[in-house]
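Source file: data37.tsv (TSV, C-alpha atoms)
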```tsv
chain	number	residue	atom	x	y	z
A	1	MET	CA	-1.60	9.37	-7.98
A	2	SER	CA	-1.64	7.94	-11.40
A	3	ILE	CA	-2.12	4.24	-11.92
A	4	TRP	CA	1.30	3.94	-13.56
A	5	LEU	CA	3.02	5.37	-10.52
A	6	LEU	CA	1.22	2.88	-8.29
A	7	VAL	CA	2.22	0.02	-10.59
A	8	ALA	CA	5.84	1.19	-10.56
A	9	ILE	CA	5.94	1.48	-6.77
A	10	PHE	CA	4.28	-1.91	-6.33
A	11	SER	CA	6.66	-3.65	-8.75
A	12	TYR	CA	9.69	-2.01	-7.13
A	13	LEU	CA	8.61	-3.09	-3.64
A	14	LEU	CA	7.86	-6.59	-4.90
A	15	GLY	CA	11.36	-6.73	-6.38
A	16	VAL	CA	12.83	-5.58	-3.07
A	17	ILE	CA	10.98	-8.32	-1.20
A	18	ILE	CA	12.07	-11.01	-3.66
A	19	GLN	CA	15.69	-9.82	-3.61
A	20	TRP	CA	15.67	-9.67	0.20
A	21	LEU	CA	14.41	-13.24	0.47
A	22	GLN	CA	17.05	-14.50	-1.96
A	23	LEU	CA	19.90	-12.70	-0.23
A	24	SER	CA	18.86	-13.49	3.32
A	25	ASN	CA	18.80	-17.22	2.58
A	26	LYS	CA	22.59	-17.08	2.32
A	27	PHE	CA	22.90	-16.27	6.01
A	28	GLN	CA	20.64	-18.94	7.52
A	29	GLU	CA	23.65	-20.77	8.96
A	30	PHE	CA	24.36	-17.85	11.31
A	31	GLU	CA	20.98	-18.28	13.01
A	32	GLU	CA	22.25	-21.27	15.01
A	33	TYR	CA	25.06	-19.31	16.66
A	34	THR	CA	23.38	-16.00	17.49
A	35	ASN	CA	24.00	-16.46	21.21
A	36	PHE	CA	27.63	-15.37	20.60
A	37	PRO	CA	27.86	-11.56	20.44
A	38	ILE	CA	30.35	-11.44	17.56
A	39	VAL	CA	28.21	-13.76	15.44
A	40	TRP	CA	25.11	-11.74	16.30
A	41	ALA	CA	26.87	-8.53	15.23
A	42	ALA	CA	28.07	-10.14	12.01
A	43	ASN	CA	24.54	-11.34	11.33
A	44	VAL	CA	23.12	-7.84	11.84
A	45	VAL	CA	25.74	-6.29	9.57
A	46	SER	CA	25.18	-8.90	6.85
A	47	LYS	CA	21.39	-8.45	7.02
A	48	LEU	CA	21.84	-4.68	6.77
A	49	GLY	CA	24.04	-5.21	3.72
A	50	CYS	CA	21.39	-7.47	2.21
A	51	LEU	CA	18.74	-4.81	2.81
A	52	ILE	CA	20.82	-2.13	1.11
A	53	GLU	CA	21.56	-4.44	-1.80
A	54	ALA	CA	17.87	-5.34	-2.06
A	55	LEU	CA	16.88	-1.69	-2.19
A	56	PHE	CA	19.24	-1.12	-5.13
A	57	TRP	CA	18.24	-4.22	-7.11
A	58	PRO	CA	17.44	-2.34	-10.35
A	59	TYR	CA	21.00	-0.99	-10.39
A	60	SER	CA	22.40	-4.51	-10.11
A	61	LEU	CA	20.30	-5.52	-13.13
A	62	PHE	CA	21.97	-2.81	-15.21
A	63	LEU	CA	25.43	-3.94	-14.07
A	64	ASP	CA	24.71	-7.57	-14.96
A	65	ASN	CA	23.62	-6.63	-18.48
A	66	GLU	CA	26.75	-4.60	-19.22
A	67	CYS	CA	29.18	-7.46	-18.67
```

Could you show the structure in this file as structure tokens?
Amino acid sequence: MSIWLLVAIFSYLLGVIIQWLQLSNKFQEFEEYTNFPIVWAANVVSKLGCLIEALFWPYSLFLDNEC
């Protein structure tokens, strides 16, 4: 592997981690009520949405610059 590919992969994964931490902080209030099944399911769905959004963080940067 070339060094530039390693740098690109590392920076992408670092961006995913940072984006995940920022997005998952929004849902901290659900942690208190996870003993209710509907709240637990909503928490899982919202975390899954955060993960998908975190994986596509470069695309969201392009959308923010166009507006």

Among listed residues A:Val39, A:Leu63, A:Ile17, A:Leu5, nearest A:Leu51 (using only C-alpha atoms):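 When distances to A:Leu51 are compared using only C-alpha atoms, the smallest one comes from A:Ile17.
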
Å distance separating atom CA of A:Phe56 from atom CA of A:Gly15, one decimal place: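 We find that atom CA of A:Phe56 and atom CA of A:Gly15 lie 9.8 Å from each other.
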
12 Å contact set for A:Leu14, all atoms listed in the file, chain neighbours under 6 positions out, as a PyMOL selection string: chain A and resi 7-8+20-21+54-55+57-58

Atomic separation - atom CA of A:Phe10 relative to atom CA of A:Gly49, Å: 22.4 Å

Shell of 9 Å around A:Ser24, all atoms listed in the file, local chain residues under 6 positions omitted, as a list in words: Ser46, Lys47, Cys50 and Leu51 of chain A

Pairwise distance for atom CA of A:Leu23 and atom CA of A:Glu53, rounded to one decimal in Å: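 Between atom CA of A:Leu23 and atom CA of A:Glu53 the gap is 8.6 Å.
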
Minimum-distance residue to A:Gln19, chosen among A:Ser2, A:Phe62, A:Ile52, A:Trp40 (using only C-alpha atoms):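 Of A:Ser2, A:Phe62, A:Ile52, A:Trp40, the one nearest A:Gln19 is A:Ile52, counting only C-alpha atoms.
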
Residue nearest A:Tyr59 among A:Ile38, A:Val16, A:Asn43, A:Lys26 (counting all atoms listed in the file):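 Closest candidate: A:Val16.
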